[in-house]
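Participant: Take this structure first; my questions come after.
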Amino acid sequence: MDGSVLQTHIRVNRSSAEATETPPARLLLPRASVSAFASTPVHQQSIRLGTIESPFQALLKYWSKPAAAAFALIVCAVVFSQPFTLAFSAFALVAVLLSRQIFSPLPLSLRPTNAPHLTKGRVARLIVEWSVVTGLLLFLGYAFKLTQLFPQRLIVSWFAFTPVMLLFSDSVSVRLAARGGSPTHRHIIIGATDVGLELARRVEESVGTGTFMGFFDFRSPERLPMQSRERFAGACKDVAAFVQRHAVNAIYIALPMSNAPRIESLLNECRDTTASVYFVPDMFAFDTVQARCIEMNGIPLLSICDTPFHGLTAVNKRAVDVVLSSIGLLVAWPLMLAAAIAVKLSSPGPVLFRQRRYGLHGEEILVYKFRSMIVCEDGPVVEQAKTHDARVTAVGRFLRRTSMDELPQLFNVLQGRMSFVGPRPHAVVHNEIYRKLISGYMIRHKVRPGMTGWAQVHGLRGETTTVEQMRLRAQYDLDYLRHWSLWLDAKILFKTALIVLHGRNAH
């Protein structure tokens, strides 16, 4: 080699990410040729879903309610002079573990609907969850004959006193979480977009997130939305210097995904800082249904359109259907027998009307109803029932007005073809018509059809004479998919019972 200074050349093989070098005296590296975050083959990488909560906030979020239940038990034990025996300690441990599994996490938000005061919905939820815990404890106690180990007045007092402690703990824990945040924590948002503005609002509503230092953007301040101009901190080229100068802890990148080159450049600059970097994809640019982040063995996925019934949620939904349909059949069988006899004697034809409809994933199913008409249409033309329809029999009119014609669908629910609550199934021929006229119509089939649904409790029952009426039905069905919960199902069932009693829109 020539010269007094040895030059070392490093050749980077992109496919193997291995470097070959000679013993260096001084390294002359091409700019940006080597990164501290060297590229790794995809099969060696994985990403896990996590949280940015502090340990203190996580403890309050998941353990404040079980701790309140345990504290209430200790107070009752002191009042009634209950000795802290091994059996008592085991009982307290079981109560805490059950509470941890059943109670919903504490909402760490400063929204008026969440904190610091309590709303009726939160109070009702706490009471219902505690009722489930007490029911399980009583079941275990009677099953293993342990009730005689503790005074009855102690257990009753604890069951009654704990909801008060839960309500008090819920309010206090949110305040503690807010005070437990680090005042020196600072964050910035790159991208004064709609998502960036909404992110800034939600971060400020979350407890313990620290100080928002402002927006950075590639655009000049006069081109930014009005609500972001007052908090404009600088251009994107100055991000790294600003982060180092102000000791920023977190950087949120809320730029459109189409700006991939700019995002990559920003990431390279941010690597020269100690700040945590988060990329916020604009999922709201799409019409999302059950949008969520999921993980497939280390690969993150963004769900844009999905069913809400995966994992334990599917188990819970199916368990409720099996229990309710079984109870319904046991209670309603005399009515069903009377209805079957009345249909058979009132007009010629079968007792049950079977019609092909679309079920889960658009698969055809047979739906059962008591025959209420003199016809049983299930062909290429199916005419909807109208007000004062001449095809409806006298018995059928009563069955439709009281919704008793729907009772055979309890068998559909028990079979797993339908659910108690879900989008109402339409005849196959109607589905084929409306799927071409209404965008997103078939998405409603990502869940089992229901005996009642979100559209029906909003008055969208009976005949649909226009495409707009069906579009509204489909819109309510999609809203149900977006916001499903067991609480929503219970609300729909309650409203359905009121509607049936009044017999609205049934003909």
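By order of appearance in the structure tokens: chains A, B, ..., then residues from 1 within every chain, and ligands from 1 in the order shown.
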Please provide the set of residues having any atom within 12 Å of His43 in chain A, restricted to only C-alpha atoms, with same-chain residues fewer than 6 positions apart removed, written as a PyMOL selection string.
Facilitator: chain A and resi 297-299
Participant: Atoms to include: N, CA and C atoms. Write the selected residues as a PDB file, in the first residue's frame.
Facilitator:
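In the end it all went to selection-v6.pdb:
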ATOM      1  N   ASN A 297     -46.984 -13.546  15.394  1.00  0.00           N
ATOM      2  CA  ASN A 297     -45.658 -14.103  15.657  1.00  0.00           C
ATOM      3  C   ASN A 297     -44.540 -13.102  15.407  1.00  0.00           C
ATOM      4  N   GLY A 298     -44.725 -11.888  15.916  1.00  0.00           N
ATOM      5  CA  GLY A 298     -43.664 -10.888  15.820  1.00  0.00           C
ATOM      6  C   GLY A 298     -43.797  -9.929  14.665  1.00  0.00           C
ATOM      7  N   ILE A 299     -44.764 -10.141  13.762  1.00  0.00           N
ATOM      8  CA  ILE A 299     -44.988  -9.207  12.653  1.00  0.00           C
ATOM      9  C   ILE A 299     -46.228  -8.386  12.968  1.00  0.00           C
TER      10      ILE A 299
END
Participant: Apply DSSP to the backbone of this structure and, from range 76-194 of chain A, keep only the residues in helix (DSSP H, G or I); write these as number ranges by chain.
Facilitator: A: 76-79, 86-102, 120-143, 147-149, 152-179, 194
Participant: Pick from A:Thr466, A:Thr393, A:Gln475, A:Ser326: nearest to Leu410 in chain A, with only C-alpha atoms counted?
Facilitator: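 Closest to Leu410 in chain A, using only C-alpha atoms: A:Ser326.
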Participant: Extract, using only C-alpha atoms, all DNA, RNA and protein residues at most 7 Å from range 224-237 of chain A, discarding same-chain residues fewer than 3 positions from it, and format them as a list of chain:residue names.
Facilitator: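 In the requested form, the answer reads A:Ala192, A:Gly214, A:Phe215, A:Phe216, A:Asp217, A:Phe218, A:Arg219, A:Ser220, A:Pro221.
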Participant: Once you have the residues from the selection above, write them out as a PDB file, in the first residue's frame, restricted to N, CA and C atoms.
Facilitator:
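What ended up in again-v4.pdb:
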ATOM      1  N   ALA A 192     -48.202  18.265  11.177  1.00  0.00           N
ATOM      2  CA  ALA A 192     -49.413  18.944  11.648  1.00  0.00           C
ATOM      3  C   ALA A 192     -50.595  18.519  10.774  1.00  0.00           C
ATOM      4  N   GLY A 214     -44.499  21.018  20.798  1.00  0.00           N
ATOM      5  CA  GLY A 214     -44.914  21.653  19.555  1.00  0.00           C
ATOM      6  C   GLY A 214     -44.856  20.737  18.348  1.00  0.00           C
ATOM      7  N   PHE A 215     -45.342  21.285  17.204  1.00  0.00           N
ATOM      8  CA  PHE A 215     -45.358  20.566  15.935  1.00  0.00           C
ATOM      9  C   PHE A 215     -44.146  20.922  15.086  1.00  0.00           C
ATOM     10  N   PHE A 216     -43.693  19.933  14.319  1.00  0.00           N
ATOM     11  CA  PHE A 216     -42.711  20.160  13.257  1.00  0.00           C
ATOM     12  C   PHE A 216     -43.354  19.728  11.943  1.00  0.00           C
ATOM     13  N   ASP A 217     -43.024  20.418  10.881  1.00  0.00           N
ATOM     14  CA  ASP A 217     -43.631  20.079   9.598  1.00  0.00           C
ATOM     15  C   ASP A 217     -42.716  20.548   8.469  1.00  0.00           C
ATOM     16  N   PHE A 218     -42.890  19.912   7.302  1.00  0.00           N
ATOM     17  CA  PHE A 218     -42.135  20.331   6.116  1.00  0.00           C
ATOM     18  C   PHE A 218     -42.709  21.612   5.528  1.00  0.00           C
ATOM     19  N   ARG A 219     -43.924  21.949   5.878  1.00  0.00           N
ATOM     20  CA  ARG A 219     -44.572  23.146   5.341  1.00  0.00           C
ATOM     21  C   ARG A 219     -44.260  24.366   6.199  1.00  0.00           C
ATOM     22  N   SER A 220     -44.427  25.525   5.610  1.00  0.00           N
ATOM     23  CA  SER A 220     -44.251  26.767   6.347  1.00  0.00           C
ATOM     24  C   SER A 220     -45.461  27.003   7.242  1.00  0.00           C
ATOM     25  N   PRO A 221     -45.337  27.809   8.303  1.00  0.00           N
ATOM     26  CA  PRO A 221     -46.441  27.990   9.252  1.00  0.00           C
ATOM     27  C   PRO A 221     -47.740  28.465   8.610  1.00  0.00           C
TER      28      PRO A 221
END
Participant: Using only C-alpha atoms, determine which residues lie at most 7 Å from range 366-368 of chain A, disregarding the query and same-chain residues fewer than 6 positions distant; provide the list as a ChimeraX atom specification.
Facilitator: /A:352-357,408-409,412
Participant: Write out as a PyMOL selection string all residues of range 89-282 of chain A that DSSP puts in strand (DSSP E or B) for this structure's backbone.
Facilitator: chain A and resi 109+186-190+206+211-217+232-235+250-253+276-279
Participant: Which is closest to Glu129 in chain A among A:Ser169, A:Ser54, A:Ser206, A:Ser104, if we use only C-alpha atoms?
Facilitator: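 For Glu129 in chain A, the nearest of the given residues is A:Ser104.
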Participant: Measuring atom to atom with only C-alpha atoms, identify which of A:Ser419, A:Thr273, A:Thr193, A:Ser89 is nearest to Ile251 in chain A.
Facilitator: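 The shortest atom-to-atom distance to Ile251 in chain A comes from A:Thr273.
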Participant: In Å to one decimal, how far is CA of Phe103 in chain A from CA of Trp158 in chain A?
Facilitator: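 Computing it gives 17.0 Å between the two atoms.
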Participant: When you look at range 319-323 of chain A with a cut-off of 12 Å (counting only C-alpha atoms), what residues show up, excluding the ones that are within fewer than 2 positions of it in the same chain? I need them as a ChimeraX atom specification.
Facilitator: /A:312-317,325-330,409-422,448-451,486-487,489-490,493
Participant: Check the smallest atom-to-atom distance from each of A:Ser173, A:Gln57, A:Thr496, A:Ser81 to Thr209 in chain A using only C-alpha atoms, then report the winner.
Facilitator: A:Gln57
Participant: For Leu301 in chain A, which residue among A:His246, A:Lys436, A:Arg48, A:Arg391 is the nearest when counting only C-alpha atoms?
Facilitator: A:Arg48
Participant: Could you please determine the separation between CA of Cys270 in chain A and CA of Pro55 in chain A in Å, to one decimal place?
Facilitator: 25.5 Å
Participant: Identify which of the residues A:Gln290, A:Gln148, A:Asn259, A:Ser99 lies closest to Ala67 in chain A, counting only C-alpha atoms when measuring atom-to-atom distances.
Facilitator: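 Among the listed residues, the smallest separation from Ala67 in chain A belongs to A:Ser99.
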Participant: Would you work out the distance separating CA of Ala92 in chain A from CA of Ala70 in chain A, expressed in Å to one decimal?
Facilitator: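 It comes out at 6.5 Å.
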Participant: Tell me which protein, DNA and RNA residues are within 8 Å of Ala68 in chain A, counting only C-alpha atoms, leaving out same-chain ones fewer than 6 positions away, and put them as a list of chain:residue names.
Facilitator: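 Here the answer would be A:Thr162, A:Met165, A:Leu166, A:Ser169.
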Participant: I want to know what sits within 10 Å of range 267-269 of chain A, based on only C-alpha atoms, with residues of the same chain fewer than 4 positions away left out; could you give that as a list in words?
Facilitator: Ala32, Ser35, Phe37, Lys237, Asp238, Val239, Ala240, Ala241, Ile253, Pro261, Arg262, Ile263, Thr273, Val277, Tyr278 and Phe279 of chain A
